[in-house]
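What follows is a short report on a single structure.
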Amino acid sequence: MSRPIVLITDFGLGDFYAGVVRAVLAAAAPASPVVDLTHDIPAHDIDRCSFILSLAVDDLPPDAVVVAVVDPGVGGPRRALIVEAGTRLVVGPDNGFLSDLIVGGAETRFFAIDESAVARGTGRAARGATFHGRDVFAPVGAALARGATPTGFGTEVDAVTLLRDVPSVSIDGSRLSGSGRHVDTFGNILTDIPRAAIERVFPGGACRVTVGGLDAGRLRRTYGDAAPGEMVVLLNSWDRLEAAVNGSRAADRFAGLPPRRIRFEVGAP
Amino acid sequence: MSRPIVLITDFGLGDFYAGVVRAVLAAAAPASPVVDLTHDIPAHDIDRCSFILSLAVDDLPPDAVVVAVVDPGVGGPRRALIVEAGTRLVVGPDNGFLSDLIVGGAETRFFAIDESAVARGTGRAARGATFHGRDVFAPVGAALARGATPTGFGTEVDAVTLLRDVPSVSIDGSRLSGSGRHVDTFGNILTDIPRAAIERVFPGGACRVTVGGLDAGRLRRTYGDAAPGEMVVLLNSWDRLEAAVNGSRAADRFAGLPPRRIRFEVGAP
Amino acid sequence: MSRPIVLITDFGLGDFYAGVVRAVLAAAAPASPVVDLTHDIPAHDIDRCSFILSLAVDDLPPDAVVVAVVDPGVGGPRRALIVEAGTRLVVGPDNGFLSDLIVGGAETRFFAIDESAVARGTGRAARGATFHGRDVFAPVGAALARGATPTGFGTEVDAVTLLRDVPSVSIDGSRLSGSGRHVDTFGNILTDIPRAAIERVFPGGACRVTVGGLDAGRLRRTYGDAAPGEMVVLLNSWDRLEAAVNGSRAADRFAGLPPRRIRFEVGAP
């Protein structure tokens with residue numbers, strides 16, 4: 001049985017690059033289901049990729065092979081990695097996209113891919129310096145899905161690249177703060193502030209939250225627990241703090257600001 | 001053999017929520033093909049979901065399990081449903097998204113999902129109040145695809161929520177009218193006015209149509225049967241009245257108007 | 001074993017038409033993996049479809065059946081084709097979308113589809129004149145994926161429709177010129193100018209390139225081989241000339257110009 005392959009990239013769906021990666025996988029691992037987690041990470045946004053992957057990882061099949069390609073340094077000196085993360089495998093460039101996962105405490109081992117081993121192990125030679133999603137990460141992912149081991153493609157390494165300010169959370173006495181990390185399709189603002197941190201400082205979650213300086217009140221259970229047009233904060237389905245506006249788009253209150261620039265402050269009620 | 005699973009949601013493809021649902025299905029029903037019917041129902045637009053599903057349903061595999069998630073009331077008191085619609089099964093929130101299908105005369109039986117049965121039947125407990133696509137509808141859909149029966153998840157109910165003004169069609173003597181329900185990717189305006197209604201009032205389809213007050217002439221066979229830039233009305237591939245402009249976008253003649261606000265009047269030729 | 005099916009269309013992903021085609025394939029060829037190469041060819045842009053398909057074709061599984069639907073003439077007199085292109089099969093309208101592939105020298109045989117054979121061979125009658133993706137191309141593609149032969153659906157023909165100015169390349173003494181054919185999701189400008197043509201005129205690739213009148217210097221190896229904000233030209237992962245700006249979008253330097261209007265001039269260094 002071939003392991004399922006999960007794709008997370010910044011290729012967009014308005015182009016054919018994600019399709020080419022899918023085509024390579026269909027040829028090299030035809031028995032593997034392919035799951036498009038998302039191809040709409042903003043172009044070159046490694047921070048976003050790291051955050052989304054850390055949220056979604058527990059929803060992925062336990063035997064998944066993740067192919068993650070947000071790769072502004074393609075063709076340059078950055079290494080290519082295979083990562084064992086618990087029972088899952090992740091393939092991608094060594095540029096920090098695993099930071100939230102690693103800092104979050106996932107059990108990991110790292111292997112630096114040796115490009116000459118890729119050609120030997122996959123029967124494909126890279127056909128250029130600009131599309132390692134097609135020429136390196138997909139073929140290696142397909143080989144792993146069919147049962148190859150990471151050591152067949154590289155050697156174990158101790159350290160990998162980490163992003164700064166991951167997670168965004170800081171605690172100062174009885175105040176806890178952090179920032180948005182993603183604005184979703186409904187305009188909701190997702191943070192990396194976990195339930196556990198809030199409940200450690202505010203037992204039972206009894207707190208009051210401001211979002212970008214605007215009062216958002218106490219924690220609610222779901223979006224509809226606010227009047228239409230009212231801002232609401234809640235612990236979402238990944239147990240992270242999130243801001244929304246019932247029936248509207250919370251991010252529109254901060255038009256133009258990237259999620260990292262929207263500060264969340266959690267204080268006493 | 002595991003039944004195919006069809007997804008229709010408003011999650012968008014610019015985000016990772018559709019991907020998470022696909023990942024849950026890949027883990028829970030790995031032998032089921034997953035068909036993305038669309039994830040681009042406009043956010044919270046139950047009327048649109050109802051219309052699109054009623055058009056596409058006959059194109060779906062006869063043994064399909066449809067997972068439909070346009071769910072502005074997630075986490076609130078709205079019920080979760082399993083619906084038998086002929087040989088197909090549909091899972092989704094009880095908010096009216098089945099209205100066109102039901103009013104159109106589909107043979108249906110309804111089952112209200114008991115959330116405690118979901119945890120028992122799928123081995124998954126809901127991990128929040130905000131993402132029942134992941135925590136309820138996908139796991140139940142996967143279980144049904146693998147052979148579970150609706151009665152394993154809930155009890156039969158007689159009535160479900162219906163939208164108003166579905167379908168939009170009304171007949172007044174020798175005039176028939178209705179409205180747009182969807183603007184497609186080519187700018188064509190799709191209505192819910194069926195061929196049968198037109199031919200009952202106008203034998204042989206001999207009629208003249210106005211669209212939003214503009215004369216669109218008689219019925220044609222295909223888009224190219226008009227001069228470039230000319231508006232054309234036809235009975236489309238779902239036997240519903242549709243307006244287009246040859247080589248251009250009909251909806252641009254009504255810029256800013258939602259499809260429901262574009263009136264179609266069918267009169268004598 | 002059922003052959004994989006590859007889709008390339010202009011249906012967009014913001015609508016349900018691609019989903020309907022996938023649903024038809026899931027019913028008619030349930031054992032075939034379906035690969036969405038892209039659904040975001042600009043509406044009715046046959047030139048773009050031709051170029052993208054010619055780039056991606058070598059990345060497709062060798063036994064792929066390609067269903068290509070960019071079909072502004074649907075329902076009109078244009079023929080429907082099955083094409084043998086090496087070991088692959090391609091199904092689509094006879095409107096020129098195969099031009100780059102054919103002019104590039106692919107070994108091809110053409111079969112004009114007989115619509116009455118479609119109903120006989122697929123068990124489906126067309127249900128309208130406006131959606132041959134659903135009613136002709138997908139059912140025929142599914143039948144071919146399951147082992148049917150082109151001659152079962154039509155008769156061999158010698159000539160098919162070709163686009164003009166494909167490829168865009170011309171050579172005038174020691175100058176070589178051509179044009180953009182596609183702007184990708186990163187704003188890079190892809191041309192149809194092949195490495196072989198450049199190296200024939202400029203041995204070793206020693207040349208200097210202007211893009212839309214702007215000097216882009218000599219050929220580099222990858223995007224990072226330029227200063228941030230600097231324009232760079234390279235031979236990309238399909239061995240075609242491409243322009244990019246390191247860390248930014250090259251196409252923004254020519255805002256509003258379609259790719260065909262951006263001229264590439266290759267001269268002595």
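Residues in the structure tokens are named by chain (A, B, ... in the order shown) and by number from 1 within that chain; ligands are numbered from 1 in the order shown.
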Proximal residues of chain C relative to chain B (only C-alpha atoms; 8 Å) as a list in words: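 Here is what falls inside 8 Å: Phe11, Gly12, Leu13, Gly14, Asp15, Phe16, Tyr17, Ala18, Gly19, Val20, Arg22, Ala23, Val24, Ala26, Ala27, Pro30, Ala43, Pro72, Gly73, Val74, Gly75, Gly76, Arg127, Gly128, Ala129, Thr130 and Phe131 of chain C.
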Residue selection dump (N, CA, C and O atoms) as an mmCIF file, in the first residue's frame:
data_model
loop_
_atom_site.group_PDB
_atom_site.id
_atom_site.type_symbol
_atom_site.label_atom_id
_atom_site.label_comp_id
_atom_site.auth_asym_id
_atom_site.auth_seq_id
_atom_site.Cartn_x
_atom_site.Cartn_y
_atom_site.Cartn_z
ATOM 1 N N PHE C 11 -12.216 26.416 -17.486
ATOM 2 C CA PHE C 11 -13.446 26.482 -16.686
ATOM 3 C C PHE C 11 -13.259 27.299 -15.419
ATOM 4 O O PHE C 11 -14.236 27.691 -14.781
ATOM 5 N N GLY C 12 -12.016 27.537 -15.010
ATOM 6 C CA GLY C 12 -11.771 28.188 -13.738
ATOM 7 C C GLY C 12 -12.092 27.253 -12.585
ATOM 8 O O GLY C 12 -12.786 26.250 -12.754
ATOM 9 N N LEU C 13 -11.560 27.598 -11.417
ATOM 10 C CA LEU C 13 -11.885 26.815 -10.220
ATOM 11 C C LEU C 13 -12.899 27.545 -9.367
ATOM 12 O O LEU C 13 -13.373 27.021 -8.369
ATOM 13 N N GLY C 14 -13.247 28.760 -9.768
ATOM 14 C CA GLY C 14 -14.265 29.508 -9.044
ATOM 15 C C GLY C 14 -15.665 29.113 -9.461
ATOM 16 O O GLY C 14 -16.632 29.779 -9.139
ATOM 17 N N ASP C 15 -15.794 28.021 -10.178
ATOM 18 C CA ASP C 15 -17.106 27.591 -10.642
ATOM 19 C C ASP C 15 -17.217 26.076 -10.544
ATOM 20 O O ASP C 15 -16.279 25.417 -10.110
ATOM 21 N N PHE C 16 -18.343 25.516 -10.932
ATOM 22 C CA PHE C 16 -18.564 24.090 -10.710
ATOM 23 C C PHE C 16 -18.381 23.259 -11.978
ATOM 24 O O PHE C 16 -18.561 22.046 -11.945
ATOM 25 N N TYR C 17 -17.968 23.876 -13.082
ATOM 26 C CA TYR C 17 -17.870 23.119 -14.332
ATOM 27 C C TYR C 17 -16.732 22.093 -14.304
ATOM 28 O O TYR C 17 -16.900 20.968 -14.774
ATOM 29 N N ALA C 18 -15.582 22.490 -13.762
ATOM 30 C CA ALA C 18 -14.490 21.522 -13.630
ATOM 31 C C ALA C 18 -14.931 20.369 -12.733
ATOM 32 O O ALA C 18 -14.615 19.199 -12.995
ATOM 33 N N GLY C 19 -15.694 20.689 -11.693
ATOM 34 C CA GLY C 19 -16.183 19.661 -10.782
ATOM 35 C C GLY C 19 -17.124 18.690 -11.453
ATOM 36 O O GLY C 19 -17.107 17.483 -11.181
ATOM 37 N N VAL C 20 -17.962 19.195 -12.344
ATOM 38 C CA VAL C 20 -18.888 18.318 -13.068
ATOM 39 C C VAL C 20 -18.097 17.362 -13.969
ATOM 40 O O VAL C 20 -18.414 16.173 -14.051
ATOM 41 N N ARG C 22 -15.053 16.322 -13.443
ATOM 42 C CA ARG C 22 -14.463 15.327 -12.541
ATOM 43 C C ARG C 22 -15.497 14.290 -12.110
ATOM 44 O O ARG C 22 -15.179 13.098 -11.982
ATOM 45 N N ALA C 23 -16.733 14.735 -11.876
ATOM 46 C CA ALA C 23 -17.779 13.801 -11.435
ATOM 47 C C ALA C 23 -18.105 12.806 -12.540
ATOM 48 O O ALA C 23 -18.282 11.612 -12.281
ATOM 49 N N VAL C 24 -18.171 13.285 -13.779
ATOM 50 C CA VAL C 24 -18.437 12.393 -14.909
ATOM 51 C C VAL C 24 -17.316 11.355 -15.023
ATOM 52 O O VAL C 24 -17.571 10.159 -15.243
ATOM 53 N N ALA C 26 -15.369 10.312 -12.559
ATOM 54 C CA ALA C 26 -15.437 9.397 -11.408
ATOM 55 C C ALA C 26 -16.475 8.312 -11.645
ATOM 56 O O ALA C 26 -16.325 7.175 -11.193
ATOM 57 N N ALA C 27 -17.551 8.651 -12.374
ATOM 58 C CA ALA C 27 -18.576 7.650 -12.666
ATOM 59 C C ALA C 27 -18.145 6.738 -13.818
ATOM 60 O O ALA C 27 -18.373 5.537 -13.782
ATOM 61 N N PRO C 30 -13.861 5.005 -12.848
ATOM 62 C CA PRO C 30 -13.588 5.135 -11.413
ATOM 63 C C PRO C 30 -12.190 4.696 -11.007
ATOM 64 O O PRO C 30 -11.692 5.129 -9.968
ATOM 65 N N ALA C 43 -10.113 32.492 -20.088
ATOM 66 C CA ALA C 43 -11.300 32.085 -20.841
ATOM 67 C C ALA C 43 -11.079 32.252 -22.345
ATOM 68 O O ALA C 43 -10.701 33.330 -22.816
ATOM 69 N N PRO C 72 -14.332 27.879 -27.247
ATOM 70 C CA PRO C 72 -15.291 28.963 -27.502
ATOM 71 C C PRO C 72 -16.308 28.618 -28.577
ATOM 72 O O PRO C 72 -17.393 29.196 -28.590
ATOM 73 N N GLY C 73 -15.989 27.667 -29.450
ATOM 74 C CA GLY C 73 -16.915 27.320 -30.528
ATOM 75 C C GLY C 73 -17.851 26.169 -30.204
ATOM 76 O O GLY C 73 -18.405 25.559 -31.111
ATOM 77 N N VAL C 74 -18.028 25.859 -28.918
ATOM 78 C CA VAL C 74 -18.830 24.695 -28.541
ATOM 79 C C VAL C 74 -20.232 24.744 -29.189
ATOM 80 O O VAL C 74 -20.875 25.781 -29.207
ATOM 81 N N GLY C 75 -20.622 23.594 -29.717
ATOM 82 C CA GLY C 75 -21.950 23.515 -30.316
ATOM 83 C C GLY C 75 -21.983 23.973 -31.758
ATOM 84 O O GLY C 75 -22.974 23.769 -32.457
ATOM 85 N N GLY C 76 -20.887 24.629 -32.209
ATOM 86 C CA GLY C 76 -20.814 25.074 -33.598
ATOM 87 C C GLY C 76 -20.201 24.007 -34.490
ATOM 88 O O GLY C 76 -20.102 22.840 -34.095
ATOM 89 N N ARG C 127 -26.525 16.150 -23.685
ATOM 90 C CA ARG C 127 -27.747 16.720 -23.136
ATOM 91 C C ARG C 127 -27.821 18.212 -23.410
ATOM 92 O O ARG C 127 -28.522 18.943 -22.709
ATOM 93 N N GLY C 128 -27.122 18.682 -24.440
ATOM 94 C CA GLY C 128 -27.178 20.093 -24.758
ATOM 95 C C GLY C 128 -26.075 20.420 -25.737
ATOM 96 O O GLY C 128 -25.237 19.568 -26.047
ATOM 97 N N ALA C 129 -26.074 21.670 -26.222
ATOM 98 C CA ALA C 129 -25.085 22.069 -27.216
ATOM 99 C C ALA C 129 -24.013 22.944 -26.597
ATOM 100 O O ALA C 129 -23.187 23.514 -27.299
ATOM 101 N N THR C 130 -23.987 23.080 -25.265
ATOM 102 C CA THR C 130 -23.157 24.106 -24.648
ATOM 103 C C THR C 130 -22.081 23.563 -23.718
ATOM 104 O O THR C 130 -21.303 24.337 -23.172
ATOM 105 N N PHE C 131 -22.022 22.256 -23.488
ATOM 106 C CA PHE C 131 -21.069 21.742 -22.497
ATOM 107 C C PHE C 131 -20.517 20.401 -22.981
ATOM 108 O O PHE C 131 -20.754 19.356 -22.387
#
Residue list (helix (DSSP H, G or I), DSSP) for region 65-243 of chain A, as number ranges by chain: A: 99-103, 115-122, 132-145, 150-152, 195-201, 203-205, 223-225
How about saving the chosen residues, C-alpha atoms kept, as a PDB file, in the first residue's frame?
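Below is the file selection.pdb, written as the result:
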ATOM      1  CA  SER A  99       9.614  26.260  12.483  1.00  0.00           C
ATOM      2  CA  ASP A 100       6.152  26.190  14.099  1.00  0.00           C
ATOM      3  CA  LEU A 101       6.121  22.403  14.018  1.00  0.00           C
ATOM      4  CA  ILE A 102       9.555  22.106  15.602  1.00  0.00           C
ATOM      5  CA  VAL A 103       9.074  24.850  18.191  1.00  0.00           C
ATOM      6  CA  GLU A 115      20.994  15.552  -5.122  1.00  0.00           C
ATOM      7  CA  SER A 116      22.992  12.808  -6.765  1.00  0.00           C
ATOM      8  CA  ALA A 117      21.038  10.273  -4.673  1.00  0.00           C
ATOM      9  CA  VAL A 118      17.806  11.751  -6.061  1.00  0.00           C
ATOM     10  CA  ALA A 119      18.735  10.909  -9.620  1.00  0.00           C
ATOM     11  CA  ARG A 120      19.793   7.408  -8.575  1.00  0.00           C
ATOM     12  CA  GLY A 121      16.763   6.786  -6.340  1.00  0.00           C
ATOM     13  CA  THR A 122      14.039   8.210  -8.542  1.00  0.00           C
ATOM     14  CA  HIS A 132      12.759  21.582  -7.610  1.00  0.00           C
ATOM     15  CA  GLY A 133       9.108  20.928  -6.744  1.00  0.00           C
ATOM     16  CA  ARG A 134       8.962  18.916  -9.961  1.00  0.00           C
ATOM     17  CA  ASP A 135      12.564  17.696 -10.088  1.00  0.00           C
ATOM     18  CA  VAL A 136      13.444  16.964  -6.444  1.00  0.00           C
ATOM     19  CA  PHE A 137      10.639  17.216  -3.882  1.00  0.00           C
ATOM     20  CA  ALA A 138       7.872  15.402  -5.790  1.00  0.00           C
ATOM     21  CA  PRO A 139      10.084  12.513  -6.987  1.00  0.00           C
ATOM     22  CA  VAL A 140      11.547  12.058  -3.492  1.00  0.00           C
ATOM     23  CA  GLY A 141       8.062  12.276  -1.941  1.00  0.00           C
ATOM     24  CA  ALA A 142       6.785   9.662  -4.385  1.00  0.00           C
ATOM     25  CA  ALA A 143       9.693   7.346  -3.595  1.00  0.00           C
ATOM     26  CA  LEU A 144       9.070   7.720   0.160  1.00  0.00           C
ATOM     27  CA  ALA A 145       5.350   7.062  -0.353  1.00  0.00           C
ATOM     28  CA  PRO A 150      15.064   8.831   4.216  1.00  0.00           C
ATOM     29  CA  THR A 151      18.564   7.395   4.598  1.00  0.00           C
ATOM     30  CA  GLY A 152      18.388   6.296   0.974  1.00  0.00           C
ATOM     31  CA  ARG A 195      -5.533  27.566  24.633  1.00  0.00           C
ATOM     32  CA  ALA A 196      -2.963  26.121  27.064  1.00  0.00           C
ATOM     33  CA  ALA A 197      -1.075  29.434  27.339  1.00  0.00           C
ATOM     34  CA  ILE A 198      -4.271  31.400  27.914  1.00  0.00           C
ATOM     35  CA  GLU A 199      -5.555  28.986  30.526  1.00  0.00           C
ATOM     36  CA  ARG A 200      -2.231  28.997  32.364  1.00  0.00           C
ATOM     37  CA  VAL A 201      -2.411  32.763  32.837  1.00  0.00           C
ATOM     38  CA  PRO A 203      -7.674  29.955  34.760  1.00  0.00           C
ATOM     39  CA  GLY A 204     -10.855  28.811  33.053  1.00  0.00           C
ATOM     40  CA  GLY A 205     -10.147  31.179  30.168  1.00  0.00           C
ATOM     41  CA  TYR A 223     -19.092  32.857  15.606  1.00  0.00           C
ATOM     42  CA  GLY A 224     -22.829  33.179  16.137  1.00  0.00           C
ATOM     43  CA  ASP A 225     -22.363  34.004  19.840  1.00  0.00           C
TER      44      ASP A 225
END
Residue nearest Cys49 (chain A) - candidates A:Leu190, A:Ala216, A:Val70, A:Val209, atoms counted: only C-alpha atoms: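 Selected residue with least distance to Cys49 (chain A): A:Val70.
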If we count only C-alpha atoms, what is near region 86-96 of chain A at a cut-off of 6 Å, once residues fewer than 3 positions away on the same chain are taken out, given as a tab-separated table (two decimals) with C-alpha atoms, in the first residue's frame?
chain	number	residue	atom	x	y	z
A	62	PRO	CA	-0.81	9.38	10.18
A	63	ASP	CA	1.18	7.80	7.34
A	64	ALA	CA	1.17	10.92	5.14
A	65	VAL	CA	4.17	12.07	3.13
A	66	VAL	CA	4.00	15.88	2.96
A	67	VAL	CA	5.59	17.66	0.00
A	68	ALA	CA	6.00	21.32	1.00
A	69	VAL	CA	7.28	23.77	-1.61
A	79	ARG	CA	19.61	22.46	1.36
A	80	ALA	CA	16.73	20.11	0.58
A	81	LEU	CA	15.35	18.17	3.55
A	82	ILE	CA	13.47	15.03	4.47
A	83	VAL	CA	12.00	15.30	7.95
A	99	SER	CA	9.61	26.26	12.48
A	107	GLU	CA	9.40	14.79	17.51
A	161	THR	CA	16.89	26.73	9.65
A	162	LEU	CA	14.37	28.32	12.03
A	163	LEU	CA	12.32	31.49	11.57
Per-residue DSSP, region 83-196 of chain C, filtered to strand (DSSP E or B), as number ranges by chain: C: 83-85, 88-93, 108-113, 154-157, 170-172, 175-183, 189-194
Could I get the residues of region 34-99 of chain A with an atom no further than 12 Å from an atom of region 249-261 of chain A, each paired with its nearest atom pair and that distance in Å to one decimal, using only C-alpha atoms, sorted by chain and residue number, as a Markdown table?
| residue | atom | partner | partner_atom | distance |
| --- | --- | --- | --- | --- |
| A:Pro42 | CA | A:Pro258 | CA | 11.3 |
| A:Asp45 | CA | A:Pro258 | CA | 11.6 |
| A:Asp47 | CA | A:Arg260 | CA | 9.6 |
| A:Arg48 | CA | A:Pro259 | CA | 9.6 |
| A:Phe51 | CA | A:Arg260 | CA | 11.4 |
Nearby residues (only C-alpha atoms) at most 9 Å from Ala206 (chain A), same-chain spacing under 4 positions excluded, as an NGL selection string: :A and (198-199 or 202 or 218-219 or 268-269)
Selection near Ile171 (chain C), 12 Å with only C-alpha atoms, sequence-local residues under 2 positions removed, as a list of chain:residue names: C:Pro167, C:Ser168, C:Val169, C:Gly173, C:Ser174, C:Arg175, C:Leu176, C:Ser177, C:Gly178, C:Ile193, C:Ala197, C:Ile198, C:Arg200, C:Val201, C:Phe202, C:Phe264, C:Glu265, C:Val266, C:Gly267
I need the chosen residues saved as a compact mmCIF listing (two decimals), in the first residue's frame, with all heavy atoms.
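Listing of again30.txt after writing:
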# COMPACT_ATOMS: atom_id res chain seq x y z
N PRO C 167 5.78 28.61 -33.23
CA PRO C 167 6.17 29.44 -32.10
C PRO C 167 6.41 30.87 -32.55
O PRO C 167 6.37 31.17 -33.75
CB PRO C 167 7.47 28.77 -31.64
CG PRO C 167 8.05 28.20 -32.90
CD PRO C 167 6.88 27.77 -33.72
N SER C 168 6.71 31.73 -31.59
CA SER C 168 6.89 33.15 -31.90
C SER C 168 8.30 33.44 -32.42
O SER C 168 8.59 34.57 -32.81
CB SER C 168 6.63 33.98 -30.65
OG SER C 168 7.67 33.77 -29.69
N VAL C 169 9.16 32.43 -32.42
CA VAL C 169 10.59 32.66 -32.65
C VAL C 169 10.90 33.02 -34.10
O VAL C 169 10.37 32.41 -35.02
CB VAL C 169 11.38 31.38 -32.28
CG1 VAL C 169 12.87 31.61 -32.39
CG2 VAL C 169 11.01 30.92 -30.88
N GLY C 173 19.80 36.74 -39.10
CA GLY C 173 21.25 36.87 -38.96
C GLY C 173 21.69 36.51 -37.56
O GLY C 173 21.43 35.42 -37.08
N SER C 174 22.31 37.46 -36.87
CA SER C 174 22.82 37.16 -35.53
C SER C 174 21.87 37.70 -34.46
O SER C 174 22.28 37.92 -33.33
CB SER C 174 24.21 37.77 -35.36
OG SER C 174 24.09 39.18 -35.40
N ARG C 175 20.64 37.95 -34.83
CA ARG C 175 19.63 38.33 -33.82
C ARG C 175 18.52 37.29 -33.81
O ARG C 175 18.10 36.80 -34.86
CB ARG C 175 19.02 39.71 -34.11
CG ARG C 175 19.99 40.84 -33.88
CD ARG C 175 19.25 42.17 -33.80
NE ARG C 175 18.59 42.38 -32.54
CZ ARG C 175 19.19 42.78 -31.42
NH1 ARG C 175 20.49 43.01 -31.41
NH2 ARG C 175 18.51 42.94 -30.31
N LEU C 176 18.06 37.01 -32.61
CA LEU C 176 16.98 36.04 -32.45
C LEU C 176 15.91 36.74 -31.63
O LEU C 176 16.22 37.41 -30.63
CB LEU C 176 17.54 34.82 -31.71
CG LEU C 176 16.68 33.59 -31.51
CD1 LEU C 176 17.60 32.38 -31.32
CD2 LEU C 176 15.77 33.72 -30.31
N SER C 177 14.65 36.61 -32.05
CA SER C 177 13.61 37.27 -31.26
C SER C 177 12.38 36.38 -31.13
O SER C 177 12.24 35.39 -31.85
CB SER C 177 13.24 38.62 -31.86
OG SER C 177 12.71 38.42 -33.14
N GLY C 178 11.56 36.76 -30.20
CA GLY C 178 10.34 36.01 -29.94
C GLY C 178 9.50 36.81 -28.95
O GLY C 178 9.74 38.00 -28.75
N ILE C 193 10.90 30.44 -26.65
CA ILE C 193 12.22 30.44 -27.29
C ILE C 193 13.07 29.34 -26.66
O ILE C 193 13.40 29.41 -25.48
CB ILE C 193 12.92 31.80 -27.12
CG1 ILE C 193 12.01 32.92 -27.65
CG2 ILE C 193 14.28 31.80 -27.81
CD1 ILE C 193 12.52 34.33 -27.36
N ALA C 197 17.63 26.85 -29.99
CA ALA C 197 17.70 27.96 -30.94
C ALA C 197 18.74 28.98 -30.49
O ALA C 197 19.54 29.49 -31.29
CB ALA C 197 16.33 28.62 -31.08
N ILE C 198 18.73 29.29 -29.20
CA ILE C 198 19.71 30.26 -28.69
C ILE C 198 21.13 29.74 -28.88
O ILE C 198 22.01 30.48 -29.34
CB ILE C 198 19.43 30.55 -27.19
CG1 ILE C 198 18.09 31.30 -27.06
CG2 ILE C 198 20.57 31.35 -26.57
CD1 ILE C 198 17.67 31.59 -25.64
N ARG C 200 22.27 27.66 -31.02
CA ARG C 200 22.67 27.55 -32.42
C ARG C 200 23.22 28.90 -32.89
O ARG C 200 24.23 28.98 -33.58
CB ARG C 200 21.48 27.13 -33.29
CG ARG C 200 21.88 26.52 -34.60
CD ARG C 200 20.73 25.78 -35.25
NE ARG C 200 19.57 26.62 -35.40
CZ ARG C 200 18.34 26.31 -35.00
NH1 ARG C 200 18.10 25.16 -34.42
NH2 ARG C 200 17.33 27.15 -35.16
N VAL C 201 22.56 29.97 -32.47
CA VAL C 201 23.00 31.30 -32.89
C VAL C 201 24.13 31.82 -32.01
O VAL C 201 25.05 32.50 -32.49
CB VAL C 201 21.80 32.28 -32.88
CG1 VAL C 201 22.22 33.65 -33.40
CG2 VAL C 201 20.64 31.73 -33.71
N PHE C 202 24.06 31.51 -30.72
CA PHE C 202 25.06 32.01 -29.77
C PHE C 202 25.71 30.82 -29.06
O PHE C 202 25.23 30.40 -28.00
CB PHE C 202 24.42 32.95 -28.75
CG PHE C 202 23.66 34.07 -29.39
CD1 PHE C 202 22.28 34.00 -29.53
CD2 PHE C 202 24.32 35.19 -29.88
CE1 PHE C 202 21.57 35.02 -30.14
CE2 PHE C 202 23.61 36.22 -30.49
CZ PHE C 202 22.23 36.14 -30.62
N PHE C 264 11.00 39.68 -26.75
CA PHE C 264 12.33 39.29 -26.28
C PHE C 264 13.28 39.35 -27.47
O PHE C 264 13.02 38.74 -28.51
CB PHE C 264 12.30 37.86 -25.72
CG PHE C 264 11.69 37.73 -24.36
CD1 PHE C 264 10.34 38.01 -24.14
CD2 PHE C 264 12.47 37.32 -23.27
CE1 PHE C 264 9.77 37.89 -22.88
CE2 PHE C 264 11.90 37.20 -22.01
CZ PHE C 264 10.56 37.48 -21.81
N GLU C 265 14.38 40.10 -27.30
CA GLU C 265 15.40 40.18 -28.34
C GLU C 265 16.70 39.63 -27.78
O GLU C 265 17.17 40.06 -26.73
CB GLU C 265 15.63 41.64 -28.78
CG GLU C 265 14.38 42.38 -29.25
CD GLU C 265 13.97 42.02 -30.68
OE1 GLU C 265 14.80 41.39 -31.40
OE2 GLU C 265 12.84 42.35 -31.07
N VAL C 266 17.27 38.67 -28.50
CA VAL C 266 18.51 38.04 -28.04
C VAL C 266 19.60 38.44 -29.03
O VAL C 266 19.49 38.15 -30.24
CB VAL C 266 18.36 36.50 -27.99
CG1 VAL C 266 19.61 35.87 -27.38
CG2 VAL C 266 17.11 36.11 -27.23
N GLY C 267 20.66 39.11 -28.55
CA GLY C 267 21.74 39.58 -29.43
C GLY C 267 23.11 39.19 -28.89
O GLY C 267 23.22 38.48 -27.88
Coordinates-based distance that separates CA of Leu214 (chain C) from CA of Pro228 (chain C) (Å, one decimal):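 CA of Leu214 (chain C) lies 16.6 Å from CA of Pro228 (chain C).
CA of Cys207 (chain B) is found 28.0 Å from CA of Ser50 (chain B).
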